[in-house]
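Raw start.cif, mmCIF, C-alpha atoms:
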```
data_model
loop_
_atom_site.group_PDB
_atom_site.id
_atom_site.type_symbol
_atom_site.label_atom_id
_atom_site.label_comp_id
_atom_site.auth_asym_id
_atom_site.auth_seq_id
_atom_site.Cartn_x
_atom_site.Cartn_y
_atom_site.Cartn_z
ATOM 1 C CA MET A 1 -78.363 -20.563 -140.399
ATOM 2 C CA LYS A 2 -80.459 -20.638 -143.546
ATOM 3 C CA HIS A 3 -78.135 -23.267 -145.009
ATOM 4 C CA ILE A 4 -78.934 -25.538 -142.062
ATOM 5 C CA TYR A 5 -82.698 -25.130 -142.484
ATOM 6 C CA THR A 6 -82.622 -25.668 -146.233
ATOM 7 C CA ALA A 7 -80.172 -28.573 -146.283
ATOM 8 C CA PRO A 8 -81.448 -31.595 -148.217
ATOM 9 C CA ASN A 9 -80.557 -34.030 -145.404
ATOM 10 C CA LYS A 10 -79.131 -34.271 -141.889
ATOM 11 C CA GLN A 11 -75.543 -34.740 -143.051
ATOM 12 C CA ALA A 12 -75.648 -31.618 -145.201
ATOM 13 C CA ALA A 13 -77.237 -29.718 -142.321
ATOM 14 C CA GLU A 14 -74.441 -30.849 -140.013
ATOM 15 C CA GLN A 15 -71.868 -29.626 -142.522
ATOM 16 C CA ALA A 16 -73.716 -26.305 -142.733
ATOM 17 C CA LEU A 17 -73.599 -26.045 -138.928
ATOM 18 C CA ASN A 18 -69.845 -26.728 -139.011
ATOM 19 C CA ASP A 19 -69.404 -24.000 -141.635
ATOM 20 C CA PHE A 20 -71.478 -21.610 -139.533
ATOM 21 C CA ALA A 21 -69.461 -22.492 -136.427
ATOM 22 C CA ALA A 22 -66.155 -21.926 -138.216
ATOM 23 C CA LYS A 23 -67.222 -18.380 -139.014
ATOM 24 C CA TRP A 24 -69.308 -17.382 -135.994
ATOM 25 C CA GLU A 25 -68.477 -19.639 -133.038
ATOM 26 C CA SER A 26 -66.107 -17.100 -131.497
ATOM 27 C CA LYS A 27 -68.908 -14.537 -131.388
ATOM 28 C CA TYR A 28 -71.897 -16.845 -130.779
ATOM 29 C CA LEU A 29 -70.380 -19.699 -128.791
ATOM 30 C CA TYR A 30 -73.510 -20.359 -126.733
ATOM 31 C CA ALA A 31 -75.739 -20.582 -129.820
ATOM 32 C CA VAL A 32 -73.416 -23.030 -131.579
ATOM 33 C CA GLN A 33 -73.084 -25.160 -128.437
ATOM 34 C CA SER A 34 -76.857 -25.143 -128.001
ATOM 35 C CA TRP A 35 -77.340 -26.347 -131.572
ATOM 36 C CA ARG A 36 -74.786 -29.109 -131.097
ATOM 37 C CA ASN A 37 -76.148 -30.209 -127.709
ATOM 38 C CA ASN A 38 -79.707 -30.397 -129.042
ATOM 39 C CA TRP A 39 -78.933 -31.539 -132.584
ATOM 40 C CA ASP A 40 -81.275 -34.545 -132.691
ATOM 41 C CA ASP A 41 -84.230 -32.523 -131.416
ATOM 42 C CA LEU A 42 -83.541 -29.497 -133.616
ATOM 43 C CA THR A 43 -83.184 -31.456 -136.830
ATOM 44 C CA VAL A 44 -86.433 -33.392 -136.687
ATOM 45 C CA PHE A 45 -87.857 -30.881 -139.164
ATOM 46 C CA LEU A 46 -85.444 -32.195 -141.831
ATOM 47 C CA GLU A 47 -87.760 -35.190 -142.260
ATOM 48 C CA PHE A 48 -90.303 -32.867 -143.906
ATOM 49 C CA PRO A 49 -90.240 -31.523 -147.475
ATOM 50 C CA LEU A 50 -88.580 -28.122 -147.947
ATOM 51 C CA GLU A 51 -91.876 -26.241 -148.373
ATOM 52 C CA ILE A 52 -93.198 -27.526 -145.038
ATOM 53 C CA ARG A 53 -89.855 -26.854 -143.358
ATOM 54 C CA LYS A 54 -90.075 -23.214 -144.391
ATOM 55 C CA ILE A 55 -93.335 -22.883 -142.475
ATOM 56 C CA ILE A 56 -91.789 -24.592 -139.446
ATOM 57 C CA TYR A 57 -88.662 -22.468 -139.213
ATOM 58 C CA THR A 58 -90.211 -19.124 -140.125
ATOM 59 C CA THR A 59 -90.814 -17.326 -136.854
ATOM 60 C CA ASN A 60 -91.835 -13.904 -138.128
ATOM 61 C CA LEU A 61 -95.502 -14.623 -137.497
ATOM 62 C CA ILE A 62 -94.830 -15.775 -133.952
ATOM 63 C CA GLU A 63 -92.603 -12.794 -133.192
ATOM 64 C CA ASN A 64 -95.201 -10.424 -134.634
ATOM 65 C CA LEU A 65 -97.943 -11.983 -132.535
ATOM 66 C CA ASN A 66 -95.833 -11.765 -129.378
ATOM 67 C CA GLY A 67 -95.200 -8.094 -130.157
ATOM 68 C CA LYS A 68 -98.933 -7.428 -130.468
ATOM 69 C CA ILE A 69 -99.596 -9.103 -127.129
ATOM 70 C CA ARG A 70 -96.795 -7.103 -125.475
ATOM 71 C CA LYS A 71 -98.215 -3.907 -126.953
ATOM 72 C CA TYR A 72 -101.555 -4.569 -125.276
ATOM 73 C CA THR A 73 -100.113 -5.642 -121.930
ATOM 74 C CA LYS A 74 -96.995 -3.488 -121.406
ATOM 75 C CA ASN A 75 -98.857 -0.270 -120.595
ATOM 76 C CA LYS A 76 -100.498 -1.882 -117.598
ATOM 77 C CA MET A 77 -98.372 -2.050 -114.475
ATOM 78 C CA SER A 78 -100.604 -4.738 -113.034
ATOM 79 C CA PHE A 79 -103.875 -6.407 -113.794
ATOM 80 C CA PRO A 80 -106.598 -6.634 -111.138
ATOM 81 C CA THR A 81 -107.468 -10.243 -112.013
ATOM 82 C CA ASP A 82 -106.345 -13.111 -114.218
ATOM 83 C CA ASP A 83 -109.482 -12.529 -116.283
ATOM 84 C CA ALA A 84 -108.283 -8.995 -117.029
ATOM 85 C CA VAL A 85 -105.036 -10.406 -118.451
ATOM 86 C CA MET A 86 -106.936 -12.963 -120.512
ATOM 87 C CA LYS A 87 -109.234 -10.274 -121.906
ATOM 88 C CA SER A 88 -106.286 -8.096 -122.841
ATOM 89 C CA VAL A 89 -104.554 -10.983 -124.621
ATOM 90 C CA TYR A 90 -107.839 -11.855 -126.351
ATOM 91 C CA LEU A 91 -108.147 -8.301 -127.655
ATOM 92 C CA ALA A 92 -104.539 -8.396 -128.871
ATOM 93 C CA LEU A 93 -105.173 -11.668 -130.718
ATOM 94 C CA ASN A 94 -108.392 -10.305 -132.163
ATOM 95 C CA GLU A 95 -106.563 -7.237 -133.474
ATOM 96 C CA ALA A 96 -103.641 -9.253 -134.845
ATOM 97 C CA THR A 97 -105.826 -11.649 -136.832
ATOM 98 C CA LYS A 98 -107.352 -8.760 -138.786
ATOM 99 C CA LYS A 99 -104.026 -8.325 -140.579
ATOM 100 C CA TRP A 100 -103.489 -12.005 -141.431
ATOM 101 C CA THR A 101 -104.292 -11.698 -145.108
ATOM 102 C CA MET A 102 -101.077 -12.911 -146.747
ATOM 103 C CA PRO A 103 -101.389 -16.443 -148.104
ATOM 104 C CA ILE A 104 -98.652 -18.989 -147.489
ATOM 105 C CA HIS A 105 -96.357 -19.262 -150.502
ATOM 106 C CA ASN A 106 -97.071 -22.443 -152.517
ATOM 107 C CA TRP A 107 -99.948 -23.350 -150.206
ATOM 108 C CA GLY A 108 -101.409 -25.855 -152.692
ATOM 109 C CA LEU A 109 -98.148 -27.813 -152.766
ATOM 110 C CA VAL A 110 -97.749 -27.569 -148.981
ATOM 111 C CA LEU A 111 -101.311 -28.738 -148.394
ATOM 112 C CA SER A 112 -100.896 -31.715 -150.716
ATOM 113 C CA GLN A 113 -97.698 -32.691 -148.864
ATOM 114 C CA PHE A 114 -99.500 -32.411 -145.532
ATOM 115 C CA MET A 115 -102.275 -34.613 -146.912
ATOM 116 C CA ILE A 116 -99.765 -37.280 -147.953
ATOM 117 C CA ILE A 117 -97.777 -37.199 -144.710
ATOM 118 C CA PHE A 118 -100.758 -36.906 -142.364
ATOM 119 C CA GLU A 119 -103.468 -38.614 -144.398
ATOM 120 C CA LYS A 120 -105.181 -40.103 -141.329
ATOM 121 C CA ARG A 121 -105.094 -36.835 -139.383
ATOM 122 C CA LEU A 122 -105.979 -34.294 -142.099
ATOM 123 C CA ARG A 123 -109.386 -34.213 -143.665
ATOM 124 C CA LEU A 124 -110.734 -31.676 -146.130
#
```
In structure tokens, write the structure found in this file.
Amino acid sequence: MKHIYTAPNKQAAEQALNDFAAKWESKYLYAVQSWRNNWDDLTVFLEFPLEIRKIIYTTNLIENLNGKIRKYTKNKMSFPTDDAVMKSVYLALNEATKKWTMPIHNWGLVLSQFMIIFEKRLRL
């Protein structure tokens, strides 16, 4: 899948998907069909420079955050109120943000690209 994400354009990404499908479609038929059925929506990120795309397709941070929230909520069988759930999620988020110390690779380059692409929306 990495070859799809890092392709220089949509045509190269489509070829990378075809290569992936040739190897893995028998095992991951649903995933390949999902990619093909939603191709136009899934490839919008190809309009961005490679450095920005890496931030878009990297899900480790999201998965880690979901894991922290699950850790705080899974031990409870039920919550007495919606506020209790919100407080538990708040505490999980508060704990997770303490470990967010790693900078984004090439942040200066990424920020300058964001400033060019979204000049009217981004102000420093």
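Going from atom CA of Ile69 of chain A to atom CA of Val89 of chain A covers 5.9 Å.
Going from atom CA of Tyr72 of chain A over to atom CA of Ala92 of chain A, you cover 6.0 Å.
Between Asn106 of chain A and the candidates A:Gln33, A:Leu50, A:Trp24, A:Val44, the tightest atom-to-atom separation, counting all atoms listed in the file, involves A:Leu50.
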Of the listed residues A:Ile104, A:Ile52, A:Leu111, A:Leu122, that which approaches Tyr5 of chain A most closely, counting all atoms listed in the file: A:Ile52
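Residue nearest Met1 of chain A within the list A:Ala13, A:Val110, A:Ala84, A:Ile55: A:Ala13 [criterion: smallest interatomic distance, only C-alpha atoms].
If you measure from each of A:Met102, A:Ala96, A:Lys87, A:Trp35 to Asn18 of chain A using all atoms listed in the file, the closest one turns out to be A:Trp35.
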Close residues, Val85 of chain A itself excluded, 10 Å, only C-alpha atoms, min 6 positions apart in chain, as a ChimeraX atom specification: /A:72-73,76,78-79,91
Segment 20-33 of chain A dumped to file, N, CA and C atoms, as an mmCIF file, in the first residue's frame:
```cif
data_model
loop_
_atom_site.group_PDB
_atom_site.id
_atom_site.type_symbol
_atom_site.label_atom_id
_atom_site.label_comp_id
_atom_site.auth_asym_id
_atom_site.auth_seq_id
_atom_site.Cartn_x
_atom_site.Cartn_y
_atom_site.Cartn_z
ATOM 1 N N PHE A 20 -0.611 -4.242 -6.355
ATOM 2 C CA PHE A 20 -1.022 -4.765 -5.050
ATOM 3 C C PHE A 20 -2.118 -5.815 -5.222
ATOM 4 N N ALA A 21 -3.089 -5.518 -6.070
ATOM 5 C CA ALA A 21 -4.209 -6.434 -6.297
ATOM 6 C C ALA A 21 -3.730 -7.748 -6.908
ATOM 7 N N ALA A 22 -2.777 -7.672 -7.826
ATOM 8 C CA ALA A 22 -2.270 -8.895 -8.450
ATOM 9 C C ALA A 22 -1.675 -9.839 -7.410
ATOM 10 N N LYS A 23 -1.054 -9.259 -6.400
ATOM 11 C CA LYS A 23 -0.415 -10.089 -5.371
ATOM 12 C C LYS A 23 -1.366 -10.487 -4.252
ATOM 13 N N TRP A 24 -2.246 -9.579 -3.833
ATOM 14 C CA TRP A 24 -3.004 -9.784 -2.602
ATOM 15 C C TRP A 24 -4.510 -9.903 -2.759
ATOM 16 N N GLU A 25 -5.047 -9.702 -3.946
ATOM 17 C CA GLU A 25 -6.505 -9.676 -4.104
ATOM 18 C C GLU A 25 -7.169 -10.980 -3.656
ATOM 19 N N SER A 26 -6.512 -12.100 -3.875
ATOM 20 C CA SER A 26 -7.121 -13.370 -3.462
ATOM 21 C C SER A 26 -7.283 -13.454 -1.948
ATOM 22 N N LYS A 27 -6.399 -12.814 -1.222
ATOM 23 C CA LYS A 27 -6.469 -12.845 0.242
ATOM 24 C C LYS A 27 -7.270 -11.674 0.811
ATOM 25 N N TYR A 28 -7.183 -10.515 0.169
ATOM 26 C CA TYR A 28 -7.832 -9.296 0.661
ATOM 27 C C TYR A 28 -8.779 -8.725 -0.387
ATOM 28 N N LEU A 29 -9.667 -9.529 -0.878
ATOM 29 C CA LEU A 29 -10.589 -9.128 -1.940
ATOM 30 C C LEU A 29 -11.407 -7.902 -1.544
ATOM 31 N N TYR A 30 -11.958 -7.916 -0.332
ATOM 32 C CA TYR A 30 -12.809 -6.803 0.093
ATOM 33 C C TYR A 30 -12.028 -5.489 0.126
ATOM 34 N N ALA A 31 -10.803 -5.520 0.608
ATOM 35 C CA ALA A 31 -9.993 -4.298 0.682
ATOM 36 C C ALA A 31 -9.713 -3.745 -0.714
ATOM 37 N N VAL A 32 -9.346 -4.615 -1.632
ATOM 38 C CA VAL A 32 -9.053 -4.170 -3.003
ATOM 39 C C VAL A 32 -10.319 -3.610 -3.657
ATOM 40 N N GLN A 33 -11.440 -4.303 -3.479
ATOM 41 C CA GLN A 33 -12.699 -3.802 -4.045
ATOM 42 C C GLN A 33 -13.080 -2.466 -3.432
#
```
